[in-house]
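Here is start.cif, consisting of mmCIF, C-alpha atoms:
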data_run
loop_
_atom_site.label_atom_id
_atom_site.label_comp_id
_atom_site.auth_asym_id
_atom_site.auth_seq_id
_atom_site.Cartn_x
_atom_site.Cartn_y
_atom_site.Cartn_z
CA MET Q 1 0.00 0.00 0.00
CA ALA Q 2 2.67 2.46 1.03
CA THR Q 3 4.36 2.19 -2.34
CA GLU Q 4 1.27 3.49 -4.16
CA LEU Q 5 1.64 6.86 -2.53
CA PRO Q 6 3.87 9.60 -3.90
CA PRO Q 7 7.07 10.56 -2.07
CA MET Q 8 6.78 13.45 0.34
CA THR Q 9 9.72 15.73 0.85
CA LEU Q 10 10.26 17.95 3.85
CA LYS Q 11 12.03 21.26 3.96
CA ALA Q 12 13.71 22.48 7.12
CA ILE Q 13 12.05 25.70 8.26
CA GLY Q 14 14.68 26.30 10.91
CA VAL Q 15 17.10 24.75 13.34
CA VAL Q 16 17.43 24.05 17.07
CA ARG Q 17 20.16 25.86 18.99
CA SER Q 18 20.74 24.13 22.28
CA LYS Q 19 23.46 23.17 24.68
CA ALA Q 20 22.38 19.54 24.22
CA LYS Q 21 25.09 18.11 22.00
CA GLU Q 22 24.20 14.50 22.69
CA THR Q 23 21.29 12.59 24.16
CA PRO Q 24 21.31 12.79 27.96
CA ALA Q 25 21.10 9.62 30.04
CA GLU Q 26 17.89 10.72 31.74
CA ARG Q 27 14.90 11.86 29.74
CA ASP Q 28 13.78 14.22 32.52
CA TRP Q 29 16.92 16.24 31.94
CA TRP Q 30 15.20 17.98 29.02
CA GLU Q 31 12.38 19.41 31.10
CA GLU Q 32 14.25 22.45 32.38
CA LEU Q 33 16.39 22.98 29.31
CA VAL Q 34 16.01 26.33 27.58
CA SER Q 35 16.85 26.30 23.90
CA GLU Q 36 16.24 28.37 20.81
CA VAL Q 37 14.40 27.57 17.65
CA VAL Q 38 15.77 29.78 14.90
CA ILE Q 39 13.38 29.98 11.99
CA ASP Q 40 14.54 30.82 8.48
CA SER Q 41 14.43 34.60 8.20
CA SER Q 42 12.27 34.40 5.07
CA LEU Q 43 9.53 33.01 7.33
CA THR Q 44 9.77 35.52 10.19
CA GLU Q 45 6.41 37.09 9.38
CA ALA Q 46 4.76 33.67 9.56
CA LEU Q 47 5.47 33.66 13.31
CA ASP Q 48 3.40 36.79 14.00
CA GLY Q 49 0.77 36.08 16.62
CA LEU Q 50 2.52 33.00 17.99
CA GLU Q 51 3.75 34.99 21.01
CA GLY Q 52 0.19 35.01 22.35
CA PHE Q 53 0.36 31.29 23.05
CA SER Q 54 2.00 30.00 26.22
CA HIS Q 55 2.92 26.69 24.59
CA ILE Q 56 3.79 25.52 21.10
CA ILE Q 57 4.26 22.22 19.34
CA VAL Q 58 7.58 21.74 17.61
CA LEU Q 59 7.94 19.08 14.95
CA TYR Q 60 11.53 18.25 14.12
CA TRP Q 61 13.61 15.75 12.23
CA MET Q 62 15.65 13.43 14.44
CA HIS Q 63 18.70 13.65 12.21
CA LYS Q 64 21.10 11.94 14.59
CA VAL Q 65 19.46 8.54 14.29
CA PHE Q 66 21.87 6.83 11.96
CA SER Q 67 20.92 3.22 12.56
CA ASP Q 68 20.29 1.32 9.33
CA GLU Q 69 18.06 -1.14 11.11
CA MET Q 70 14.65 -0.39 12.47
CA PRO Q 71 13.43 -3.13 14.82
CA LEU Q 72 9.62 -3.32 14.87
CA LYS Q 73 9.73 -3.97 18.62
CA VAL Q 74 11.79 -2.11 21.16
CA HIS Q 75 12.32 -1.94 24.88
CA PRO Q 76 10.34 1.14 26.00
CA ARG Q 77 12.69 3.96 27.01
CA GLY Q 78 15.57 1.65 26.24
CA ARG Q 79 15.11 -0.26 29.47
CA ARG Q 80 16.27 -3.82 28.91
CA GLU Q 81 14.12 -5.15 31.75
CA ALA Q 82 10.93 -3.88 30.11
CA PRO Q 83 9.18 -6.29 27.72
CA LEU Q 84 9.40 -5.52 24.01
CA ARG Q 85 6.63 -3.34 22.56
CA GLY Q 86 5.79 -2.26 19.05
CA LEU Q 87 7.72 0.86 18.11
CA PHE Q 88 4.50 2.82 17.52
CA ALA Q 89 3.54 2.16 21.17
CA THR Q 90 6.71 4.00 22.19
CA ARG Q 91 8.40 7.31 21.43
CA THR Q 92 11.60 5.74 20.14
CA PRO Q 93 13.34 8.02 17.60
CA ASN Q 94 14.12 5.02 15.40
CA ARG Q 95 10.83 4.98 13.46
CA PRO Q 96 9.86 4.87 9.77
CA ASN Q 97 9.72 8.67 9.67
CA ARG Q 98 12.02 10.26 12.19
CA ILE Q 99 9.73 13.05 13.23
CA GLY Q 100 9.89 14.19 16.82
CA LYS Q 101 7.07 16.09 18.44
CA ALA Q 102 7.61 18.24 21.49
CA THR Q 103 5.15 20.39 23.39
CA VAL Q 104 7.16 23.20 24.92
CA ARG Q 105 6.69 26.45 26.77
CA LEU Q 106 7.25 29.50 24.61
CA LEU Q 107 9.28 31.87 26.76
CA GLN Q 108 9.90 34.55 24.18
CA ARG Q 109 9.68 35.31 20.52
CA GLN Q 110 12.12 37.80 19.11
CA GLY Q 111 12.01 38.19 15.35
CA ASN Q 112 12.72 34.76 13.92
CA THR Q 113 13.96 33.28 17.19
CA LEU Q 114 11.81 31.37 19.65
CA ARG Q 115 13.11 30.78 23.16
CA VAL Q 116 11.51 27.62 24.48
CA LYS Q 117 11.68 25.42 27.55
CA GLY Q 118 11.60 21.63 27.51
CA LEU Q 119 12.54 20.90 23.91
CA ASP Q 120 14.06 17.41 23.72
CA ALA Q 121 16.01 18.01 20.53
CA LEU Q 122 19.76 18.13 20.04
CA ASP Q 123 21.65 21.18 18.85
CA GLY Q 124 21.46 21.39 15.06
CA THR Q 125 18.19 19.49 14.74
CA PRO Q 126 16.19 20.57 11.67
CA VAL Q 127 12.78 21.99 12.56
CA ILE Q 128 9.95 21.16 10.18
CA ASP Q 129 6.86 22.74 11.71
CA ILE Q 130 5.66 24.98 14.51
CA LYS Q 131 2.04 24.85 15.63
CA PRO Q 132 0.27 26.71 18.42
CA TYR Q 133 -0.76 24.48 21.33
CA ILE Q 134 -4.55 24.66 21.43
CA PRO Q 135 -6.04 22.74 24.37
CA LYS Q 136 -9.20 21.87 22.47
CA TYR Q 137 -7.20 19.96 19.86
CA ASP Q 138 -4.10 18.92 21.74
CA SER Q 139 -5.08 18.19 25.31
CA VAL Q 140 -6.95 15.18 26.65
CA ASP Q 141 -8.28 15.29 30.20
CA ASP Q 142 -8.97 11.62 30.71
CA ALA Q 143 -6.18 9.96 28.75
CA GLU Q 144 -5.15 6.52 29.95
CA VAL Q 145 -1.80 4.85 29.48
CA PRO Q 146 -1.08 1.17 30.07
CA GLN Q 147 0.40 0.05 33.35
CA TRP Q 148 3.68 -0.98 31.71
CA ARG Q 149 4.16 2.66 30.68
CA THR Q 150 3.44 4.22 34.06
CA LYS Q 151 5.88 1.84 35.73
CA LEU Q 152 8.81 2.94 33.58
CA MET Y 1 20.01 28.49 6.56
CA ALA Y 2 17.38 26.00 5.45
CA THR Y 3 19.28 25.24 2.28
CA GLU Y 4 22.29 23.95 4.24
CA LEU Y 5 20.26 21.04 5.54
CA PRO Y 6 19.83 17.79 3.61
CA PRO Y 7 16.46 16.86 2.12
CA MET Y 8 14.24 14.69 4.26
CA THR Y 9 11.93 12.23 2.62
CA LEU Y 10 8.86 10.73 4.22
CA LYS Y 11 7.39 7.32 3.58
CA ALA Y 12 3.70 6.67 4.07
CA ILE Y 13 3.23 4.07 6.79
CA GLY Y 14 -0.48 3.78 6.10
CA VAL Y 15 -3.62 5.53 4.97
CA VAL Y 16 -6.79 7.04 6.41
CA ARG Y 17 -10.10 5.40 5.54
CA SER Y 18 -12.91 7.78 6.32
CA LYS Y 19 -16.25 8.90 5.05
CA ALA Y 20 -14.82 12.43 4.85
CA LYS Y 21 -14.27 12.92 1.14
CA GLU Y 22 -13.90 16.68 1.38
CA THR Y 23 -13.27 19.25 4.09
CA PRO Y 24 -16.47 19.95 6.04
CA ALA Y 25 -17.68 23.52 6.51
CA GLU Y 26 -17.48 23.28 10.30
CA ARG Y 27 -14.36 22.09 12.05
CA ASP Y 28 -16.35 20.64 14.93
CA TRP Y 29 -17.84 18.14 12.50
CA TRP Y 30 -14.72 16.00 12.84
CA GLU Y 31 -15.09 15.48 16.59
CA GLU Y 32 -17.55 12.62 16.40
CA LEU Y 33 -16.23 11.11 13.20
CA VAL Y 34 -15.03 7.52 13.43
CA SER Y 35 -12.44 6.56 10.87
CA GLU Y 36 -9.82 3.92 10.30
CA VAL Y 37 -6.09 4.18 10.03
CA VAL Y 38 -4.84 1.22 8.03
CA ILE Y 39 -1.15 0.65 8.59
CA ASP Y 40 1.01 -1.13 6.04
CA SER Y 41 0.81 -4.83 6.88
CA SER Y 42 4.61 -5.10 7.04
CA LEU Y 43 4.40 -2.86 10.14
CA THR Y 44 1.59 -4.64 11.98
CA GLU Y 45 3.87 -5.91 14.72
CA ALA Y 46 5.07 -2.36 15.38
CA LEU Y 47 1.57 -1.55 16.70
CA ASP Y 48 1.71 -4.13 19.50
CA GLY Y 49 1.06 -2.50 22.82
CA LEU Y 50 -0.62 0.57 21.35
CA GLU Y 51 -4.04 -0.79 22.33
CA GLY Y 52 -3.22 -0.03 25.97
CA PHE Y 53 -3.42 3.71 25.29
CA SER Y 54 -6.77 5.50 25.24
CA HIS Y 55 -5.49 8.18 22.86
CA ILE Y 56 -2.92 8.35 20.11
CA ILE Y 57 -1.27 11.07 18.04
CA VAL Y 58 -1.59 10.69 14.30
CA LEU Y 59 0.78 12.57 12.02
CA TYR Y 60 -0.39 12.70 8.44
CA TRP Y 61 0.38 14.40 5.16
CA MET Y 62 -2.26 16.87 4.03
CA HIS Y 63 -2.11 15.74 0.44
CA LYS Y 64 -5.16 17.64 -0.77
CA VAL Y 65 -3.57 21.05 -0.34
CA PHE Y 66 -2.74 21.85 -3.94
CA SER Y 67 -2.23 25.57 -3.68
CA ASP Y 68 1.02 26.73 -5.25
CA GLU Y 69 1.08 29.81 -3.08
CA MET Y 70 1.71 29.85 0.62
CA PRO Y 71 0.79 33.20 2.16
CA LEU Y 72 2.83 33.89 5.30
CA LYS Y 73 -0.25 35.39 6.94
CA VAL Y 74 -3.72 33.93 6.96
CA HIS Y 75 -7.12 34.58 8.46
CA PRO Y 76 -7.37 32.13 11.38
CA ARG Y 77 -9.84 29.34 10.62
CA GLY Y 78 -10.47 31.00 7.28
CA ARG Y 79 -12.66 33.66 8.87
CA ARG Y 80 -12.36 36.79 6.76
CA GLU Y 81 -13.38 39.03 9.67
CA ALA Y 82 -10.45 37.84 11.79
CA PRO Y 83 -7.19 39.82 11.46
CA LEU Y 84 -4.34 38.19 9.58
CA ARG Y 85 -1.91 36.12 11.66
CA GLY Y 86 1.32 34.36 10.85
CA LEU Y 87 0.64 30.88 9.50
CA PHE Y 88 2.62 29.29 12.34
CA ALA Y 89 0.21 30.89 14.82
CA THR Y 90 -2.61 28.94 13.16
CA ARG Y 91 -3.32 25.37 12.14
CA THR Y 92 -3.78 26.15 8.45
CA PRO Y 93 -2.93 23.14 6.28
CA ASN Y 94 -1.13 25.40 3.81
CA ARG Y 95 2.27 25.41 5.53
CA PRO Y 96 5.86 24.77 4.44
CA ASN Y 97 5.53 21.11 5.42
CA ARG Y 98 1.99 19.87 5.16
CA ILE Y 99 2.02 17.73 8.24
CA GLY Y 100 -1.20 17.46 10.18
CA LYS Y 101 -1.26 16.38 13.81
CA ALA Y 102 -4.37 14.96 15.40
CA THR Y 103 -4.88 13.67 18.91
CA VAL Y 104 -7.61 11.06 18.69
CA ARG Y 105 -9.33 8.44 20.79
CA LEU Y 106 -8.22 4.91 19.95
CA LEU Y 107 -11.41 2.86 19.92
CA GLN Y 108 -9.94 -0.41 18.72
CA ARG Y 109 -6.91 -1.98 17.24
CA GLN Y 110 -7.38 -5.03 15.09
CA GLY Y 111 -4.25 -6.30 13.37
CA ASN Y 112 -3.01 -3.41 11.25
CA THR Y 113 -6.22 -1.37 11.53
CA LEU Y 114 -6.83 1.34 14.11
CA ARG Y 115 -10.38 2.57 14.65
CA VAL Y 116 -10.19 6.12 15.91
CA LYS Y 117 -12.54 8.95 16.80
CA GLY Y 118 -11.97 12.60 15.94
CA LEU Y 119 -9.40 12.33 13.18
CA ASP Y 120 -9.61 15.45 10.99
CA ALA Y 121 -8.11 13.86 7.90
CA LEU Y 122 -9.75 13.15 4.57
CA ASP Y 123 -10.19 9.70 3.12
CA GLY Y 124 -6.98 8.60 1.42
CA THR Y 125 -4.68 10.78 3.52
CA PRO Y 126 -1.18 9.28 3.87
CA VAL Y 127 -0.25 8.56 7.49
CA ILE Y 128 3.36 9.17 8.42
CA ASP Y 129 3.57 8.41 12.14
CA ILE Y 130 1.61 7.08 15.08
CA LYS Y 131 2.65 7.94 18.62
CA PRO Y 132 1.07 7.04 21.94
CA TYR Y 133 -0.50 10.01 23.74
CA ILE Y 134 1.46 10.35 26.97
CA PRO Y 135 0.07 13.10 29.24
CA LYS Y 136 3.47 13.89 30.71
CA TYR Y 137 4.80 14.84 27.27
CA ASP Y 138 1.70 15.90 25.40
CA SER Y 139 -0.63 17.58 27.85
CA VAL Y 140 -0.34 21.03 29.38
CA ASP Y 141 -2.57 21.94 32.29
CA ASP Y 142 -2.15 25.67 32.26
CA ALA Y 143 -1.83 26.46 28.56
CA GLU Y 144 -2.93 29.91 27.50
CA VAL Y 145 -4.14 30.98 24.10
CA PRO Y 146 -4.56 34.56 22.91
CA GLN Y 147 -7.93 36.22 23.08
CA TRP Y 148 -8.22 36.39 19.29
CA ARG Y 149 -8.08 32.59 19.21
CA THR Y 150 -10.72 31.98 21.89
CA LYS Y 151 -13.12 34.34 20.17
CA LEU Y 152 -13.10 32.40 16.89
#

In structure tokens, what does this structure look like?
Amino acid sequence: MATELPPMTLKAIGVVRSKAKETPAERDWWEELVSEVVIDSSLTEALDGLEGFSHIIVLYWMHKVFSDEMPLKVHPRGRREAPLRGLFATRTPNRPNRIGKATVRLLQRQGNTLRVKGLDALDGTPVIDIKPYIPKYDSVDDAEVPQWRTKL
Amino acid sequence: MATELPPMTLKAIGVVRSKAKETPAERDWWEELVSEVVIDSSLTEALDGLEGFSHIIVLYWMHKVFSDEMPLKVHPRGRREAPLRGLFATRTPNRPNRIGKATVRLLQRQGNTLRVKGLDALDGTPVIDIKPYIPKYDSVDDAEVPQWRTKL
């Protein structure tokens, strides 16, 4: 089925500037990290109005995943003791399309630069989309996760 | 800056099957819509464990946006009376990378088919990623949106 569909090519709209040069051992490390998303200056005007939102969604390309193999099942959060799960039931970066999605606090917008908090992307990561975080679309009050996830 | 970065090519991992053949006049129409996401059968195993989550995030390619032009500013939700805003401050499909993001209820998983509720994607839309909805990463309790957005 997948082969019937035309190829889809992404363009970077900007880049992450961060002190994170490699993946930290603990995922929680990202939470307090302040980084910058620098958008291509030709798109500066397209950010107008974004500063009114407290949070934004950043889609980015996880360019540092160089593995040639993509196992269909992985240990969630890389923990060997956790049973294997399908990759789509996890947030592993090693997926068919290496798109990361982060919901981050927008601290400041200055021209084409967004200062954000909590972006789990390495320095140099290509950014492919910015969307405003709109609770009606993006937030779920009663979401449930399986027990194996909460225990991790 | 954008031109320094290598091209990034997406592969469809599946397709949306829905009774939505064209964009409805009212956005709220999608909320109750039940549709199917049919994942390529070679990836069936990669869905294992997803059924434990009540909600999932679907990333898809908005293939029906054929406009050659991409205005940097748009009327939010297409409402002419609303002042122009930067496209990144809206969810317009006409963006540099036409990636849609929907948070939907997962009603059922059967093999490579996901029955979901609230997916705002047309029939035939290529799906590019599925992620579990994890409140810690995806939900914000105190998110604020600008007044111009709440009034729409």

Quick check on the file I pasted: which residues fall under the PyMOL selection byres ((chain Y and resi 18-32) around 8)? Write them as a PyMOL selection string. chain Y and resi 16-17+33-36+117-124

List the residues matched by the PyMOL selection byres ((chain Y) within 8 of (chain Q)) in the displayed structure as a PyMOL selection string, ordered by chain and then by residue number. chain Y and resi 1-3+5+7-14+40+43+45-50+52-55+72-73+85-91+96-97+99+102-103+126+128-135+137-140+143-146

Can you measure CA of Arg77 (chain Q) to CA of Lys151 (chain Q) for me? One decimal in Å is fine. 11.3 Å

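Straight-line separation from CA of Val58 (chain Y) to CA of Val37 (chain Y): 9.0 Å.
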
Pairwise distance for CA of Tyr60 (chain Y) and CA of Arg109 (chain Y), rounded to one decimal in Å: 18.3 Å
